[in-house]
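S.K.: My structure is stored as query_34.txt, with compact mmCIF, C-alpha atoms.
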```txt
# COMPACT_ATOMS: atom_id res chain seq x y z
CA MET A 756 25.76 37.83 -52.28
CA ALA A 757 25.65 35.60 -49.26
CA SER A 758 27.09 38.24 -46.98
CA ALA A 759 24.60 40.84 -48.27
CA LEU A 760 21.74 38.45 -47.57
CA ARG A 761 23.12 37.75 -44.14
CA GLY A 762 23.40 41.44 -43.36
CA ALA A 763 19.88 42.10 -44.58
CA LEU A 764 18.55 39.27 -42.50
CA LEU A 765 20.38 40.34 -39.37
CA CYS A 766 19.07 43.87 -39.76
CA HIS A 767 15.49 42.72 -39.61
CA LEU A 768 15.60 39.63 -37.47
CA ARG A 769 15.23 40.09 -33.75
CA VAL A 770 15.24 37.30 -31.28
CA PRO A 771 13.58 38.53 -28.13
CA VAL A 772 15.68 37.67 -25.12
CA ALA A 773 13.23 37.84 -22.29
CA LEU A 774 13.76 35.57 -19.39
CA SER A 775 10.99 35.85 -16.91
CA ARG A 776 12.61 35.44 -13.55
CA SER A 777 9.43 34.52 -11.79
CA ASN A 778 8.98 31.27 -13.74
CA TRP A 779 12.63 30.49 -13.92
CA ASP A 780 13.00 27.72 -11.39
CA PRO A 781 15.07 24.92 -12.86
CA LEU A 782 16.53 23.68 -9.59
CA GLY A 783 13.37 23.89 -7.54
CA SER A 784 11.44 21.43 -9.66
CA VAL A 785 14.44 19.13 -9.79
CA ALA A 786 14.72 19.26 -6.02
CA ARG A 787 11.05 18.33 -5.70
CA PHE A 788 11.40 15.66 -8.31
CA MET A 789 14.39 14.05 -6.65
CA SER A 790 13.10 14.16 -3.11
CA SER A 791 11.66 11.01 -1.64
CA GLY A 792 8.18 12.31 -0.92
CA HIS A 793 6.33 12.77 -4.16
CA ASP A 794 3.24 14.84 -4.62
CA ASP A 795 2.03 13.46 -7.90
CA HIS A 796 -1.31 12.13 -6.93
CA LEU A 797 -3.16 9.23 -8.44
CA THR A 798 -6.46 10.21 -9.96
CA LYS A 799 -9.58 8.63 -8.59
CA GLU A 800 -10.31 6.90 -11.92
CA GLU A 801 -6.89 5.33 -12.00
CA VAL A 802 -7.22 4.10 -8.43
CA ILE A 803 -10.65 2.60 -9.15
CA HIS A 804 -9.39 0.93 -12.32
CA ARG A 805 -6.37 -0.63 -10.66
CA VAL A 806 -8.23 -1.72 -7.52
CA LEU A 807 -10.90 -3.43 -9.63
CA ASP A 808 -8.21 -5.09 -11.73
CA VAL A 809 -6.62 -6.55 -8.61
CA VAL A 810 -9.94 -7.77 -7.21
CA LYS A 811 -10.97 -9.26 -10.55
CA SER A 812 -7.74 -11.21 -10.86
CA PHE A 813 -8.29 -12.86 -7.48
CA PRO A 814 -8.89 -16.55 -8.28
CA LYS A 815 -12.04 -17.03 -6.21
CA VAL A 816 -13.81 -13.96 -7.55
CA ASP A 817 -16.23 -13.91 -10.48
CA PRO A 818 -14.91 -10.91 -12.48
CA SER A 819 -18.35 -9.98 -13.80
CA LYS A 820 -19.63 -9.26 -10.29
CA VAL A 821 -16.94 -6.75 -9.41
CA THR A 822 -18.05 -3.11 -9.25
CA PRO A 823 -16.56 -0.19 -7.31
CA ASP A 824 -18.90 -0.71 -4.37
CA VAL A 825 -18.94 -4.43 -3.71
CA HIS A 826 -18.33 -5.83 -0.27
CA PHE A 827 -15.73 -8.60 -0.31
CA GLN A 828 -17.57 -10.95 1.99
CA LYS A 829 -21.23 -10.05 1.48
CA ASP A 830 -21.24 -9.62 -2.30
CA LEU A 831 -18.35 -11.67 -3.58
CA GLY A 832 -18.77 -14.64 -1.25
CA LEU A 833 -15.24 -14.53 0.11
CA ASP A 834 -14.26 -15.26 3.69
CA SER A 835 -12.21 -13.12 6.05
CA LEU A 836 -8.87 -14.70 5.11
CA ASP A 837 -9.57 -14.04 1.43
CA SER A 838 -10.11 -10.38 2.12
CA VAL A 839 -6.80 -10.33 4.01
CA GLU A 840 -5.17 -11.69 0.85
CA ILE A 841 -6.88 -9.10 -1.35
CA VAL A 842 -5.72 -6.26 0.89
CA MET A 843 -2.20 -7.62 0.72
CA ALA A 844 -2.40 -7.77 -3.08
CA LEU A 845 -3.59 -4.15 -3.10
CA GLU A 846 -0.66 -3.18 -0.90
CA GLU A 847 1.73 -4.70 -3.40
CA GLU A 848 -0.03 -3.11 -6.35
CA PHE A 849 0.17 0.40 -4.89
CA LYS A 850 3.50 -0.08 -3.06
CA LEU A 851 1.90 0.68 0.27
CA GLU A 852 2.51 -0.43 3.79
CA ILE A 853 -0.83 -0.40 5.58
CA PRO A 854 -0.76 -0.89 9.36
CA ASP A 855 -2.40 -4.15 10.46
CA LYS A 856 -5.30 -2.56 12.30
CA GLU A 857 -6.20 -0.32 9.36
CA ALA A 858 -5.81 -3.10 6.82
CA ASP A 859 -8.19 -5.16 8.92
CA LYS A 860 -10.89 -2.51 8.51
CA ILE A 861 -10.75 -2.55 4.69
CA ASP A 862 -13.52 -4.96 3.74
CA SER A 863 -15.00 -3.53 0.55
CA CYS A 864 -13.85 -2.07 -2.75
CA ASN A 865 -15.27 1.29 -1.74
CA LEU A 866 -13.17 1.50 1.43
CA ALA A 867 -10.07 0.29 -0.39
CA ILE A 868 -10.45 2.92 -3.12
CA GLU A 869 -11.08 5.61 -0.52
CA TYR A 870 -8.06 4.61 1.56
CA ILE A 871 -5.67 4.35 -1.38
CA HIS A 872 -6.88 7.57 -2.98
CA ASN A 873 -6.30 9.45 0.27
CA HIS A 874 -2.91 7.91 0.91
CA PRO A 875 -0.16 10.42 0.04
CA LEU A 876 2.41 7.79 -0.93
CA ALA A 877 0.32 5.49 -3.09
CA SER A 878 1.90 5.02 -6.48
CA MET B 416 -25.25 -12.58 35.06
CA SER B 417 -28.11 -12.05 32.63
CA VAL B 418 -28.46 -13.96 29.40
CA THR B 419 -27.88 -10.91 27.21
CA SER B 420 -24.59 -10.04 28.86
CA THR B 421 -23.34 -13.60 28.42
CA VAL B 422 -24.34 -13.57 24.78
CA GLY B 423 -22.76 -10.16 24.41
CA GLY B 424 -19.61 -11.37 26.12
CA TYR B 425 -19.50 -14.42 23.89
CA LEU B 426 -19.89 -12.34 20.75
CA ALA B 427 -17.30 -9.80 21.88
CA ARG B 428 -14.81 -12.56 22.61
CA ARG B 429 -15.54 -14.20 19.27
CA ALA B 430 -15.04 -10.89 17.44
CA ALA B 431 -11.74 -10.31 19.23
CA GLN B 432 -10.60 -13.80 18.32
CA LYS B 433 -11.56 -13.33 14.68
CA GLU B 434 -9.59 -10.12 14.53
CA ARG B 435 -6.56 -11.79 16.11
CA VAL B 436 -6.75 -14.59 13.55
CA ARG B 437 -7.01 -12.15 10.65
CA ILE B 438 -4.02 -10.16 11.84
CA LEU B 439 -2.04 -13.31 12.53
CA TYR B 440 -2.83 -14.58 9.04
CA ARG B 441 -1.82 -11.25 7.52
CA ARG B 442 1.49 -11.18 9.33
CA ALA B 443 2.21 -14.83 8.62
CA LEU B 444 1.42 -14.33 4.93
CA LYS B 445 3.76 -11.35 4.72
CA ASP B 446 6.42 -13.36 6.48
CA THR B 447 5.94 -16.20 4.02
CA LEU B 448 6.62 -13.71 1.23
CA ASN B 449 9.75 -12.58 3.05
CA TRP B 450 11.06 -16.12 3.31
CA ALA B 451 10.24 -17.06 -0.27
CA VAL B 452 13.12 -16.47 -2.65
CA HIS B 453 10.93 -16.62 -5.75
CA ARG B 454 7.33 -15.86 -6.39
CA HIS B 455 6.43 -19.39 -7.46
CA LEU B 456 7.80 -20.70 -4.15
CA PHE B 457 5.66 -18.20 -2.30
CA TYR B 458 2.44 -19.46 -3.90
CA GLU B 459 3.07 -22.96 -2.62
CA ASP B 460 3.99 -21.77 0.88
CA ALA B 461 0.95 -19.49 0.99
CA CYS B 462 -1.24 -22.43 0.05
CA ASN B 463 0.20 -24.49 2.89
CA LEU B 464 -0.30 -21.65 5.32
CA ARG B 465 -3.90 -21.25 4.23
CA GLU B 466 -4.48 -24.97 4.71
CA ARG B 467 -3.15 -24.79 8.25
CA PHE B 468 -5.64 -22.04 9.01
CA GLU B 469 -8.50 -23.81 7.24
CA ALA B 470 -7.87 -27.03 9.15
CA ASN B 471 -9.13 -25.46 12.38
CA LYS B 472 -11.91 -23.44 10.81
CA HIS B 473 -14.73 -25.21 12.59
CA VAL B 474 -13.38 -25.27 16.14
CA GLU B 475 -16.10 -23.91 18.42
CA ASP B 476 -14.67 -24.00 21.94
CA LEU B 477 -13.49 -20.53 22.95
CA ASP B 478 -10.64 -21.63 25.20
CA THR B 479 -9.32 -24.05 22.60
CA ILE B 480 -9.39 -21.26 20.02
CA ASP B 481 -7.51 -18.95 22.38
CA ARG B 482 -4.88 -21.60 22.94
CA MET B 483 -4.52 -22.22 19.20
CA ILE B 484 -4.16 -18.53 18.44
CA ALA B 485 -1.53 -18.16 21.15
CA ASP B 486 0.26 -21.18 19.72
CA GLY B 487 0.11 -19.71 16.23
CA GLU B 488 1.43 -16.36 17.40
CA ALA B 489 4.29 -18.10 19.21
CA GLN B 490 5.18 -19.99 16.04
CA TYR B 491 5.01 -16.80 13.99
CA ASP B 492 7.33 -15.08 16.46
CA LYS B 493 9.75 -17.97 16.39
CA TRP B 494 10.05 -18.07 12.60
CA ARG B 495 9.90 -14.36 11.95
CA HIS B 496 12.22 -13.16 9.19
CA PRO B 497 15.23 -11.25 10.57
CA ASP B 498 15.38 -8.85 7.61
CA PRO B 499 11.87 -8.44 6.23
CA TYR B 500 10.99 -6.43 3.15
CA ILE B 501 9.86 -2.94 4.07
CA VAL B 502 8.32 -0.54 1.57
CA PRO B 503 11.05 2.07 0.88
CA TRP B 504 9.28 5.12 2.32
CA ALA B 505 8.04 3.35 5.46
CA PRO B 506 9.96 3.51 8.77
CA GLY B 507 12.91 1.17 8.43
CA GLY B 508 12.75 1.29 4.63
CA SER B 509 15.69 2.27 2.47
CA LYS B 510 14.27 5.68 1.54
CA PHE B 511 12.88 6.58 4.96
CA THR B 512 13.55 10.33 5.72
CA ARG B 513 16.04 10.48 2.88
CA ASN B 514 16.06 13.78 1.02
CA PRO B 515 12.62 14.86 2.18
CA THR B 516 10.62 17.35 0.16
CA PRO B 517 11.26 20.95 1.24
CA PRO B 518 8.30 22.37 3.13
CA SER B 519 5.88 24.30 0.91
CA GLY B 520 6.49 28.05 0.86
CA ILE B 521 10.25 27.65 1.10
CA ASP B 522 12.11 28.66 -2.07
CA ILE B 523 15.75 28.65 -3.02
CA VAL B 524 17.26 32.16 -3.29
CA TYR B 525 19.77 31.88 -6.10
CA ASP B 526 21.69 35.13 -5.90
CA TYR B 527 20.49 36.63 -2.65
CA GLY B 528 18.21 39.11 -4.43
CA ARG B 529 20.91 40.60 -6.65
CA GLU B 530 19.51 38.97 -9.80
CA ASP B 531 16.61 41.45 -9.67
CA ASN B 532 18.99 44.42 -10.10
CA ALA B 533 21.08 42.92 -12.89
```
Write the structure described by the file as structure tokens, please.

M.R.:
Amino acid sequence: MASALRGALLCHLRVPVALSRSNWDPLGSVARFMSSGHDDHLTKEEVIHRVLDVVKSFPKVDPSKVTPDVHFQKDLGLDSLDSVEIVMALEEEFKLEIPDKEADKIDSCNLAIEYIHNHPLAS
Amino acid sequence: MSVTSTVGGYLARRAAQKERVRILYRRALKDTLNWAVHRHLFYEDACNLRERFEANKHVEDLDTIDRMIADGEAQYDKWRHPDPYIVPWAPGGSKFTRNPTPPSGIDIVYDYGREDNA
């Protein structure tokens, strides 16, 4: 009985064995995945969200005032050393190493978001 | 020398000094983090560092400011950490140029073209 059923099944069942060679790239993706430069990019929304989180958690900042285009010194009432501290906190958040001269130029949320979004190694 | 050029010179020198102070503070703060073994120790050290900067906030004389900045930079140089933390991908970091991504357009040929005829 069982063998008859098995034979009947095997007569009618076909498992298509089609391996498309063009998509078959197991090692390539692994090589990309394991290499040190990674291409997975942060989305703009994620960058904005995380930058604002960092700025809001700064002790001297009133969280309700923080929007994506505030200026650290003009709008939030911080001084230049505070903005240095914020930029350093952003560097730690996104695991970045920003050169001193460029970090000095970042003085608003807008610029920070722009810089981090365009940085290939932000994560 | 006209009045405008003196004012301009004053402002330019002030701006340069402010930038030097910001960069000195940034480097000193990073160095404080390098020296701190734990995060809670860093907060205290950072507070002290900030106080040292705030103490001379209202100094007006340009030459005095220049001397103070030079003094601060000398102190920073003297106490610089010998083995600072570097972000892994940055030059000097632990992952720098390790196993870089293959250039785009370069693929691995698995069987030298023979797999097409199999």

S.K.: Pick out the closest residue to Lys472 (chain B) from this set: B:Leu444, B:Ile523, B:Ile438, B:Ile484. Count only C-alpha atoms.

M.R.: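 Using only C-alpha atoms, Lys472 (chain B) sits closest to B:Ile484.
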
S.K.: Mind giving me the straight-line distance from CA of Asp817 (chain A) to CA of Ala844 (chain A) in Å, one decimal?

M.R.: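 According to the coordinates, CA of Asp817 (chain A) and CA of Ala844 (chain A) are separated by 16.8 Å.
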
S.K.: Find the distance between CA of Lys799 (chain A) and CA of His872 (chain A) and write it in Å to one decimal.

M.R.: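 Between CA of Lys799 (chain A) and CA of His872 (chain A) the gap works out to 6.3 Å.
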
S.K.: By how many Å are CA of Leu866 (chain A) and CA of Ser838 (chain A) apart?

M.R.: 12.3 Å

S.K.: Set out as CSV a contact list for chain B and chain A with a cut-off of 6 Å, giving each residue of chain B that qualifies its closest atom pair and distance in Å to one decimal, counting all atoms listed in the file, ordered by chain and rising residue number.

M.R.:
```
residue,atom,partner,partner_atom,distance
B:Asn514,CA,A:Ser790,CA,5.1
B:Pro515,CA,A:Ser790,CA,5.4
B:Thr516,CA,A:Ser790,CA,5.2
```

S.K.: From the list B:Ala505, B:Arg454, B:His496, B:Arg465, which residue is nearest Asp834 (chain A) when using only C-alpha atoms?

M.R.: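 Checking each candidate against Asp834 (chain A), we get B:Arg465 as the closest.
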
S.K.: May I have the residues at most 9 Å from (-3.3, -15.1, 12.0) in the file's coordinates, counting all atoms listed in the file, as a PDB file with C-alpha atoms, in the coordinates of the input?

M.R.:
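The result, written out as point28.pdb:
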```pdb
ATOM      1  CA  LEU A 836      -8.870 -14.700   5.110  1.00  0.00           C
TER       2      LEU A 836
ATOM      3  CA  LYS B 433     -11.560 -13.330  14.680  1.00  0.00           C
ATOM      4  CA  GLU B 434      -9.590 -10.120  14.530  1.00  0.00           C
ATOM      5  CA  ARG B 435      -6.560 -11.790  16.110  1.00  0.00           C
ATOM      6  CA  VAL B 436      -6.750 -14.590  13.550  1.00  0.00           C
ATOM      7  CA  ARG B 437      -7.010 -12.150  10.650  1.00  0.00           C
ATOM      8  CA  ILE B 438      -4.020 -10.160  11.840  1.00  0.00           C
ATOM      9  CA  LEU B 439      -2.040 -13.310  12.530  1.00  0.00           C
ATOM     10  CA  TYR B 440      -2.830 -14.580   9.040  1.00  0.00           C
ATOM     11  CA  ARG B 441      -1.820 -11.250   7.520  1.00  0.00           C
ATOM     12  CA  ARG B 442       1.490 -11.180   9.330  1.00  0.00           C
ATOM     13  CA  ALA B 443       2.210 -14.830   8.620  1.00  0.00           C
ATOM     14  CA  LEU B 444       1.420 -14.330   4.930  1.00  0.00           C
ATOM     15  CA  PHE B 468      -5.640 -22.040   9.010  1.00  0.00           C
ATOM     16  CA  ILE B 484      -4.160 -18.530  18.440  1.00  0.00           C
ATOM     17  CA  GLY B 487       0.110 -19.710  16.230  1.00  0.00           C
ATOM     18  CA  GLU B 488       1.430 -16.360  17.400  1.00  0.00           C
ATOM     19  CA  TYR B 491       5.010 -16.800  13.990  1.00  0.00           C
TER      20      TYR B 491
END
```

S.K.: Can you fill out region 450-467 of chain B with N, CA and C atoms and hand it back as a PDB file, keeping the file's coordinate frame?

M.R.:
```pdb
ATOM      1  N   TRP B 450      10.198 -14.937   3.333  1.00  0.00           N
ATOM      2  CA  TRP B 450      11.060 -16.120   3.310  1.00  0.00           C
ATOM      3  C   TRP B 450      11.209 -16.690   1.914  1.00  0.00           C
ATOM      4  N   ALA B 451      10.202 -16.453   1.059  1.00  0.00           N
ATOM      5  CA  ALA B 451      10.240 -17.060  -0.270  1.00  0.00           C
ATOM      6  C   ALA B 451      11.232 -16.326  -1.157  1.00  0.00           C
ATOM      7  N   VAL B 452      12.111 -17.090  -1.793  1.00  0.00           N
ATOM      8  CA  VAL B 452      13.120 -16.470  -2.650  1.00  0.00           C
ATOM      9  C   VAL B 452      12.499 -16.082  -3.990  1.00  0.00           C
ATOM     10  N   HIS B 453      11.581 -16.914  -4.479  1.00  0.00           N
ATOM     11  CA  HIS B 453      10.930 -16.620  -5.750  1.00  0.00           C
ATOM     12  C   HIS B 453       9.425 -16.629  -5.554  1.00  0.00           C
ATOM     13  N   ARG B 454       8.780 -15.981  -6.489  1.00  0.00           N
ATOM     14  CA  ARG B 454       7.330 -15.860  -6.390  1.00  0.00           C
ATOM     15  C   ARG B 454       6.648 -17.233  -6.459  1.00  0.00           C
ATOM     16  N   HIS B 455       7.121 -18.104  -7.324  1.00  0.00           N
ATOM     17  CA  HIS B 455       6.430 -19.390  -7.460  1.00  0.00           C
ATOM     18  C   HIS B 455       6.594 -20.239  -6.188  1.00  0.00           C
ATOM     19  N   LEU B 456       7.671 -19.983  -5.430  1.00  0.00           N
ATOM     20  CA  LEU B 456       7.800 -20.700  -4.150  1.00  0.00           C
ATOM     21  C   LEU B 456       6.810 -20.137  -3.131  1.00  0.00           C
ATOM     22  N   PHE B 457       6.594 -18.832  -3.234  1.00  0.00           N
ATOM     23  CA  PHE B 457       5.660 -18.200  -2.300  1.00  0.00           C
ATOM     24  C   PHE B 457       4.255 -18.755  -2.453  1.00  0.00           C
ATOM     25  N   TYR B 458       3.819 -18.985  -3.694  1.00  0.00           N
ATOM     26  CA  TYR B 458       2.440 -19.460  -3.900  1.00  0.00           C
ATOM     27  C   TYR B 458       2.214 -20.779  -3.168  1.00  0.00           C
ATOM     28  N   GLU B 459       3.200 -21.658  -3.273  1.00  0.00           N
ATOM     29  CA  GLU B 459       3.070 -22.960  -2.620  1.00  0.00           C
ATOM     30  C   GLU B 459       3.020 -22.787  -1.090  1.00  0.00           C
ATOM     31  N   ASP B 460       3.938 -21.977  -0.567  1.00  0.00           N
ATOM     32  CA  ASP B 460       3.990 -21.770   0.880  1.00  0.00           C
ATOM     33  C   ASP B 460       2.703 -21.115   1.381  1.00  0.00           C
ATOM     34  N   ALA B 461       2.189 -20.165   0.587  1.00  0.00           N
ATOM     35  CA  ALA B 461       0.950 -19.490   0.990  1.00  0.00           C
ATOM     36  C   ALA B 461      -0.205 -20.476   1.035  1.00  0.00           C
ATOM     37  N   CYS B 462      -0.207 -21.400   0.070  1.00  0.00           N
ATOM     38  CA  CYS B 462      -1.240 -22.430   0.050  1.00  0.00           C
ATOM     39  C   CYS B 462      -1.175 -23.286   1.316  1.00  0.00           C
ATOM     40  N   ASN B 463       0.034 -23.684   1.686  1.00  0.00           N
ATOM     41  CA  ASN B 463       0.200 -24.490   2.890  1.00  0.00           C
ATOM     42  C   ASN B 463      -0.256 -23.739   4.129  1.00  0.00           C
ATOM     43  N   LEU B 464       0.098 -22.460   4.167  1.00  0.00           N
ATOM     44  CA  LEU B 464      -0.300 -21.650   5.320  1.00  0.00           C
ATOM     45  C   LEU B 464      -1.824 -21.572   5.408  1.00  0.00           C
ATOM     46  N   ARG B 465      -2.441 -21.345   4.266  1.00  0.00           N
ATOM     47  CA  ARG B 465      -3.900 -21.250   4.230  1.00  0.00           C
ATOM     48  C   ARG B 465      -4.528 -22.559   4.702  1.00  0.00           C
ATOM     49  N   GLU B 466      -3.949 -23.675   4.289  1.00  0.00           N
ATOM     50  CA  GLU B 466      -4.480 -24.970   4.710  1.00  0.00           C
ATOM     51  C   GLU B 466      -4.383 -25.142   6.213  1.00  0.00           C
ATOM     52  N   ARG B 467      -3.291 -24.653   6.795  1.00  0.00           N
ATOM     53  CA  ARG B 467      -3.150 -24.790   8.250  1.00  0.00           C
ATOM     54  C   ARG B 467      -4.213 -23.976   8.974  1.00  0.00           C
TER      55      ARG B 467
END
```
